[in-house]
Amino acid sequence: MPVRILTGHDVERLLPMEACVAAMEDVLSSLARGQAVQPLRSVLRLPDGKGAFGVMPGQVSKPNAFGIKVITVFPGNEGTKYDSHQGAVLLFEPEHGTIVAVMDAASVTGIRTAAVSAVATRLLAKEDAGDLAILGSGVQARSHLEAMRAVRTIKRLRVWSRNEANARSFAEWAGHRFGTTAEVLPTAREAVAGADIVCTTTSSKVPILAGEWLSPGAHLNVVGSSLPAAREVDAEAVKRSRLFTDRMESALNEAGDFLLAKKEGVVDDSHILGEIGELLIGTKAGRTSDRDITMFKSLGLAVEDVASAHVVWTEAERRNAGTVVELGGIKE
C-alpha cells in the first residue's frame, strides 16, 4: 500500500495557518458534539529523567480519519540543534484501516497548537484587541505571532524571554517575516503591562506571569506546559480569569496551571467554564464584558493532530508532494 512520507518542510508548506485555524474550528466543534474520540495521552517517563515519550491516538468524523502522534519531549534540547519535541504523526483511512501518511510531528504540533490558540482568541479576546505580549521566543512564540495575526489586527508587539539574545532574535525574525516591530522588554511584568492579548509559550515549570500584572479585558493563551506539576502562570492569574480549555478531561489530569492553583485552594473544578468547542457550537458563553480577563489553557489533543495531518495529506495528494513508499498491507 502506498504511504506518503512528509518532512517538516513539507508540512510547513502544505499547512498554512489560516487553513489550520479552519480545521481546528471544525474538529473542536465535532469533539464538543461527541463526533470524535479523544483518549487521554499515555506518557512514558524515561528512566534517566531526560525526557518523555508520549502516545496520542484520536479519531475524528470531520474529516473522517484516525491516527496517532508518537512524540518525544526532551526539554534539554532547547538551545541545541535538536527540537525539544520530535516524532511522527501517522494518519489512517477509515474504510480499510490503511496507513496513508507519516509526517513530521514537530511541525504539525508547532502549527496546530498556535492555530487552536487563534480559535480561542477569536472567541474570547475583545474585538479590538491588538496589543500583544508574547512570553517566550522559541517555535511556539513564532507560530503564535502568525496565529494571532490571523484573527486580530496586531498594533503593538512586545516580547520577553529568559534569554535576551533569543528575544532579540525573535524580534528580528518578526521584522523580516511580517514587517512588525517587536519591543524586547527586560521583564515579563513590563511585557504584559496593558496588553490585551498575552501568549505564554515557555518551557518554564514555575510561574513566569503573575495575575496581579494583568489588565482588565486581557485574554491569555497559556500554552507552554501540559504537565500536572508545571505551570507558567500563578494561582492569582487562574483565579482572576474566566477559564476555558480544549478538553475538560485533559485539563483535570494534565493542566498544572490549573491543578496547582486547585491544590493551593484558590479554585475548584467548577472554575473551568467549558471547552473551546462548546463556545464554537454555542452551548457555553465566553466573554461577558470588556473587563473580563479570559484564559485559554491549551493541552494539545490528538484529534487536532489528526485533523491537521489530514489537511497536509490531502494537499500532498493534490500536489504529489513528499515521498511515496510501499509499506505493504495488501494481499498479493
# chains A, B, ... in the order shown; residues from 1 in each chain; ligands from 1

$ residues_around --residues "Leu157 of chain A" --least-positions-apart "3" --cutoff "12 Å" --atoms "only C-alpha atoms" --output "short mmCIF file (atom, residue, chain, number, x, y, z; two decimals) with C-alpha atoms, in the first residue's frame"
data_model
loop_
_atom_site.label_atom_id
_atom_site.label_comp_id
_atom_site.auth_asym_id
_atom_site.auth_seq_id
_atom_site.Cartn_x
_atom_site.Cartn_y
_atom_site.Cartn_z
CA ALA A 129 -7.70 43.61 20.96
CA GLY A 130 -4.37 44.24 19.28
CA ASP A 131 -1.75 44.89 21.97
CA LEU A 132 0.07 41.55 22.03
CA ALA A 133 2.62 40.30 24.56
CA ILE A 134 4.47 37.04 23.89
CA LEU A 135 6.42 35.44 26.73
CA ALA A 141 6.37 32.14 20.08
CA HIS A 144 1.68 32.25 17.89
CA LEU A 145 2.60 35.58 16.37
CA GLU A 146 1.43 34.29 13.00
CA MET A 148 -2.65 36.00 16.44
CA ARG A 149 -2.19 38.00 13.25
CA THR A 153 -5.06 43.23 13.88
CA ILE A 154 -1.85 43.49 15.92
CA TRP A 160 10.10 38.79 26.80
CA PHE A 170 12.70 36.66 17.68
CA ALA A 171 12.19 40.41 17.28
CA ALA A 174 9.25 39.21 13.31
CA GLY A 175 10.53 42.26 11.47
CA PHE A 178 5.87 40.35 8.96
CA GLY A 179 7.37 43.83 8.92
CA THR A 180 6.40 44.01 12.60
CA THR A 181 8.40 45.97 15.15
CA ALA A 182 8.75 43.91 18.31
CA GLU A 183 9.73 45.62 21.54
CA VAL A 184 12.06 43.49 23.68
CA LEU A 185 11.28 44.07 27.36
CA ALA A 191 5.90 42.96 28.65
CA VAL A 192 2.33 42.24 29.76
CA ALA A 193 1.55 45.65 31.25
CA GLY A 194 -1.52 46.93 29.42
CA ALA A 195 -1.54 44.08 26.89
CA ASP A 196 -4.96 42.78 25.83
CA ILE A 197 -3.62 39.52 24.33
CA VAL A 198 -0.93 37.54 26.18
CA CYS A 199 0.61 34.27 24.97
#

$ select_by_dssp --residues "segment 121-183 of chain A" --states "helix (DSSP H, G or I)" --output "PyMOL selection string"
chain A and resi 121-124+139-151+164-178

$ residues_around --residues "segment 9-14 of chain A" --least-positions-apart "6" --cutoff "7 Å" --atoms "only C-alpha atoms" --output "PDB file with N, CA and C atoms, in the first residue's frame"
ATOM      1  N   SER A 107       6.540  19.837  13.381  1.00  0.00           N
ATOM      2  CA  SER A 107       5.977  20.914  12.569  1.00  0.00           C
ATOM      3  C   SER A 107       4.450  20.928  12.676  1.00  0.00           C
ATOM      4  N   VAL A 108       3.821  19.751  12.701  1.00  0.00           N
ATOM      5  CA  VAL A 108       2.370  19.696  12.898  1.00  0.00           C
ATOM      6  C   VAL A 108       2.011  20.321  14.243  1.00  0.00           C
ATOM      7  N   VAL A 312      -2.802  18.205   5.612  1.00  0.00           N
ATOM      8  CA  VAL A 312      -1.490  18.056   4.972  1.00  0.00           C
ATOM      9  C   VAL A 312      -1.528  16.956   3.916  1.00  0.00           C
ATOM     10  N   GLU A 315      -3.586  17.832   0.762  1.00  0.00           N
ATOM     11  CA  GLU A 315      -2.879  18.774  -0.106  1.00  0.00           C
ATOM     12  C   GLU A 315      -1.668  18.102  -0.755  1.00  0.00           C
ATOM     13  N   ALA A 316      -1.008  17.210  -0.028  1.00  0.00           N
ATOM     14  CA  ALA A 316       0.128  16.479  -0.587  1.00  0.00           C
ATOM     15  C   ALA A 316      -0.315  15.579  -1.737  1.00  0.00           C
ATOM     16  N   GLY A 322       6.026  15.189  -1.183  1.00  0.00           N
ATOM     17  CA  GLY A 322       6.598  14.184  -0.303  1.00  0.00           C
ATOM     18  C   GLY A 322       7.140  13.003  -1.075  1.00  0.00           C
TER      19      GLY A 322
END

$ closest_atom_pairs --of "segment 276-324 of chain A" --to "segment 93-105 of chain A" --cutoff "12 Å" --atoms "only C-alpha atoms" --output "JSON lines"
{"residue": "A:Ala302", "atom": "CA", "partner": "A:Ala105", "partner_atom": "CA", "distance": 11.1}
{"residue": "A:Glu304", "atom": "CA", "partner": "A:Ala105", "partner_atom": "CA", "distance": 11.8}
{"residue": "A:Asp305", "atom": "CA", "partner": "A:Ala105", "partner_atom": "CA", "distance": 8.3}
{"residue": "A:Val306", "atom": "CA", "partner": "A:Ala105", "partner_atom": "CA", "distance": 10.6}
{"residue": "A:Ser308", "atom": "CA", "partner": "A:Ala105", "partner_atom": "CA", "distance": 10.5}
{"residue": "A:Ala309", "atom": "CA", "partner": "A:Met103", "partner_atom": "CA", "distance": 7.7}
{"residue": "A:His310", "atom": "CA", "partner": "A:Ala101", "partner_atom": "CA", "distance": 8.8}
{"residue": "A:Val311", "atom": "CA", "partner": "A:Ala101", "partner_atom": "CA", "distance": 11.3}
{"residue": "A:Val312", "atom": "CA", "partner": "A:Met103", "partner_atom": "CA", "distance": 8.8}
{"residue": "A:Trp313", "atom": "CA", "partner": "A:Ala101", "partner_atom": "CA", "distance": 6.7}
{"residue": "A:Thr314", "atom": "CA", "partner": "A:Ala101", "partner_atom": "CA", "distance": 9.9}
{"residue": "A:Glu315", "atom": "CA", "partner": "A:Ala101", "partner_atom": "CA", "distance": 11.8}
{"residue": "A:Ala316", "atom": "CA", "partner": "A:Ala101", "partner_atom": "CA", "distance": 9.7}
{"residue": "A:Glu317", "atom": "CA", "partner": "A:Ala101", "partner_atom": "CA", "distance": 10.1}
{"residue": "A:Ala321", "atom": "CA", "partner": "A:Ala101", "partner_atom": "CA", "distance": 11.4}
{"residue": "A:Gly322", "atom": "CA", "partner": "A:Met103", "partner_atom": "CA", "distance": 9.3}
{"residue": "A:Thr323", "atom": "CA", "partner": "A:Ala101", "partner_atom": "CA", "distance": 9.8}
{"residue": "A:Val324", "atom": "CA", "partner": "A:Ala101", "partner_atom": "CA", "distance": 8.9}

$ residues_around --residues "segment 71-81 of chain A" --least-positions-apart "6" --cutoff "10 Å" --atoms "only C-alpha atoms" --output "list in words"
Val43, Leu44, Arg45, Leu46, Gly49, Lys50, Gly51, Ala52, Phe53, Gly54, Val55, Met56, Gly87, Ala88, Val89, Asp104, Ala105, Ala106, Thr109, Gly138, Asn166, Ser203 and Ser204 of chain A

$ write_last_selection --atoms "N, CA and C atoms" --output "PDB file, in the first residue's frame"
ATOM      1  N   VAL A  43       1.888   8.685  28.631  1.00  0.00           N
ATOM      2  CA  VAL A  43       3.241   9.240  28.683  1.00  0.00           C
ATOM      3  C   VAL A  43       4.160   8.280  29.432  1.00  0.00           C
ATOM      4  N   LEU A  44       5.261   7.926  28.790  1.00  0.00           N
ATOM      5  CA  LEU A  44       6.295   7.099  29.397  1.00  0.00           C
ATOM      6  C   LEU A  44       7.443   8.005  29.807  1.00  0.00           C
ATOM      7  N   ARG A  45       7.694   8.084  31.110  1.00  0.00           N
ATOM      8  CA  ARG A  45       8.829   8.872  31.607  1.00  0.00           C
ATOM      9  C   ARG A  45      10.092   8.035  31.477  1.00  0.00           C
ATOM     10  N   LEU A  46      11.075   8.562  30.784  1.00  0.00           N
ATOM     11  CA  LEU A  46      12.304   7.807  30.588  1.00  0.00           C
ATOM     12  C   LEU A  46      13.097   7.737  31.894  1.00  0.00           C
ATOM     13  N   GLY A  49      15.440  10.468  33.321  1.00  0.00           N
ATOM     14  CA  GLY A  49      14.877  11.773  33.631  1.00  0.00           C
ATOM     15  C   GLY A  49      15.081  12.841  32.572  1.00  0.00           C
ATOM     16  N   LYS A  50      15.693  12.478  31.462  1.00  0.00           N
ATOM     17  CA  LYS A  50      15.994  13.479  30.434  1.00  0.00           C
ATOM     18  C   LYS A  50      14.786  13.834  29.580  1.00  0.00           C
ATOM     19  N   GLY A  51      13.825  12.927  29.508  1.00  0.00           N
ATOM     20  CA  GLY A  51      12.708  13.206  28.620  1.00  0.00           C
ATOM     21  C   GLY A  51      11.553  12.264  28.824  1.00  0.00           C
ATOM     22  N   ALA A  52      10.580  12.395  27.938  1.00  0.00           N
ATOM     23  CA  ALA A  52       9.364  11.587  27.999  1.00  0.00           C
ATOM     24  C   ALA A  52       8.961  11.179  26.592  1.00  0.00           C
ATOM     25  N   PHE A  53       8.216  10.081  26.518  1.00  0.00           N
ATOM     26  CA  PHE A  53       7.723   9.556  25.249  1.00  0.00           C
ATOM     27  C   PHE A  53       6.200   9.521  25.341  1.00  0.00           C
ATOM     28  N   GLY A  54       5.525  10.264  24.462  1.00  0.00           N
ATOM     29  CA  GLY A  54       4.083  10.368  24.509  1.00  0.00           C
ATOM     30  C   GLY A  54       3.414   9.661  23.342  1.00  0.00           C
ATOM     31  N   VAL A  55       2.277   9.036  23.619  1.00  0.00           N
ATOM     32  CA  VAL A  55       1.493   8.332  22.604  1.00  0.00           C
ATOM     33  C   VAL A  55       0.089   8.926  22.632  1.00  0.00           C
ATOM     34  N   MET A  56      -0.353   9.464  21.485  1.00  0.00           N
ATOM     35  CA  MET A  56      -1.609  10.218  21.439  1.00  0.00           C
ATOM     36  C   MET A  56      -2.473   9.749  20.274  1.00  0.00           C
ATOM     37  N   GLY A  87       9.101  13.580  16.636  1.00  0.00           N
ATOM     38  CA  GLY A  87       8.302  12.372  16.468  1.00  0.00           C
ATOM     39  C   GLY A  87       7.588  12.364  15.139  1.00  0.00           C
ATOM     40  N   ALA A  88       6.492  11.619  15.074  1.00  0.00           N
ATOM     41  CA  ALA A  88       5.764  11.467  13.816  1.00  0.00           C
ATOM     42  C   ALA A  88       4.271  11.371  14.085  1.00  0.00           C
ATOM     43  N   VAL A  89       3.490  11.841  13.111  1.00  0.00           N
ATOM     44  CA  VAL A  89       2.049  11.628  13.099  1.00  0.00           C
ATOM     45  C   VAL A  89       1.754  10.591  12.023  1.00  0.00           C
ATOM     46  N   ASP A 104       6.236  14.551   9.871  1.00  0.00           N
ATOM     47  CA  ASP A 104       6.956  15.138  10.994  1.00  0.00           C
ATOM     48  C   ASP A 104       5.981  15.701  12.021  1.00  0.00           C
ATOM     49  N   ALA A 105       6.135  15.293  13.279  1.00  0.00           N
ATOM     50  CA  ALA A 105       5.210  15.722  14.328  1.00  0.00           C
ATOM     51  C   ALA A 105       5.527  17.113  14.851  1.00  0.00           C
ATOM     52  N   ALA A 106       6.806  17.482  14.898  1.00  0.00           N
ATOM     53  CA  ALA A 106       7.165  18.777  15.481  1.00  0.00           C
ATOM     54  C   ALA A 106       6.532  19.923  14.706  1.00  0.00           C
ATOM     55  N   THR A 109       2.724  19.933  15.289  1.00  0.00           N
ATOM     56  CA  THR A 109       2.459  20.457  16.631  1.00  0.00           C
ATOM     57  C   THR A 109       2.640  21.967  16.679  1.00  0.00           C
ATOM     58  N   GLY A 138      10.710  30.891  21.315  1.00  0.00           N
ATOM     59  CA  GLY A 138      11.006  29.719  20.515  1.00  0.00           C
ATOM     60  C   GLY A 138      10.002  29.479  19.404  1.00  0.00           C
ATOM     61  N   ASN A 166      17.843  35.452  22.616  1.00  0.00           N
ATOM     62  CA  ASN A 166      16.777  34.777  21.877  1.00  0.00           C
ATOM     63  C   ASN A 166      15.602  35.712  21.618  1.00  0.00           C
ATOM     64  N   SER A 203       8.950  26.969  28.358  1.00  0.00           N
ATOM     65  CA  SER A 203       9.060  25.621  28.934  1.00  0.00           C
ATOM     66  C   SER A 203       9.214  25.685  30.444  1.00  0.00           C
ATOM     67  N   SER A 204       8.882  26.831  31.039  1.00  0.00           N
ATOM     68  CA  SER A 204       9.072  27.016  32.475  1.00  0.00           C
ATOM     69  C   SER A 204       8.172  26.073  33.275  1.00  0.00           C
TER      70      SER A 204
END

$ closest_atom_pairs --of "segment 40-114 of chain A" --to "segment 212-223 of chain A" --cutoff "12 Å" --atoms "only C-alpha atoms" --output "Markdown table"
| residue | atom | partner | partner_atom | distance |
| --- | --- | --- | --- | --- |
| A:Thr109 | CA | A:Val223 | CA | 11.8 |
| A:Gly110 | CA | A:Val223 | CA | 11.1 |
| A:Arg112 | CA | A:Val223 | CA | 11.8 |
| A:Thr113 | CA | A:Val223 | CA | 8.0 |
| A:Ala114 | CA | A:Val223 | CA | 8.6 |

$ select_by_dssp --residues "segment 151-232 of chain A" --states "strand (DSSP E)" --output "PyMOL selection string"
chain A and resi 156-160+182-184+197-200+219-222

$ write_last_selection --atoms "C-alpha atoms" --output "PDB file, in the first residue's frame"
ATOM      1  CA  ARG A 156       1.762  46.558  19.144  1.00  0.00           C
ATOM      2  CA  LEU A 157       4.024  43.594  19.883  1.00  0.00           C
ATOM      3  CA  ARG A 158       6.122  43.085  22.981  1.00  0.00           C
ATOM      4  CA  VAL A 159       8.280  40.079  23.745  1.00  0.00           C
ATOM      5  CA  TRP A 160      10.103  38.792  26.797  1.00  0.00           C
ATOM      6  CA  ALA A 182       8.749  43.910  18.313  1.00  0.00           C
ATOM      7  CA  GLU A 183       9.729  45.624  21.540  1.00  0.00           C
ATOM      8  CA  VAL A 184      12.061  43.495  23.676  1.00  0.00           C
ATOM      9  CA  ILE A 197      -3.615  39.523  24.333  1.00  0.00           C
ATOM     10  CA  VAL A 198      -0.933  37.542  26.182  1.00  0.00           C
ATOM     11  CA  CYS A 199       0.611  34.270  24.969  1.00  0.00           C
ATOM     12  CA  THR A 200       2.829  32.262  27.327  1.00  0.00           C
ATOM     13  CA  HIS A 219      -7.093  37.437  27.066  1.00  0.00           C
ATOM     14  CA  LEU A 220      -4.410  34.822  27.828  1.00  0.00           C
ATOM     15  CA  ASN A 221      -3.335  31.800  25.813  1.00  0.00           C
ATOM     16  CA  VAL A 222      -1.409  29.593  28.271  1.00  0.00           C
TER      17      VAL A 222
END

$ closest_residue --among "A:Ser84, A:Ser61, A:Ser241, A:Gln140" --to "Thr288 of chain A" --atoms "only C-alpha atoms"
A:Ser241

$ residues_around --residues "Ala118 of chain A" --least-positions-apart "5" --cutoff "7 Å" --atoms "only C-alpha atoms" --output "list in words"
Val21, Ala147, Met148 and Val151 of chain A

$ closest_residue --among "A:Glu190, A:Glu172, A:Asp83, A:Glu275" --to "Ser250 of chain A" --atoms "only C-alpha atoms"
A:Glu275

$ residues_around --residues "Val303 of chain A" --least-positions-apart "6" --cutoff "9 Å" --atoms "only C-alpha atoms" --output "PyMOL selection string"
chain A and resi 27-28+31+36-38+56-60+66-68

$ closest_residue --among "A:Ala32, A:Ala307, A:Glu249, A:Met295" --to "Leu15 of chain A" --atoms "only C-alpha atoms"
A:Ala307

$ closest_residue --among "A:Ile272, A:Leu280, A:Leu299, A:Leu124" --to "Pro228 of chain A" --atoms "only C-alpha atoms"
A:Leu299

$ atom_distance --atom1 "atom CA of Ile208 of chain A" --atom2 "atom CA of Val233 of chain A"
6.0 Å
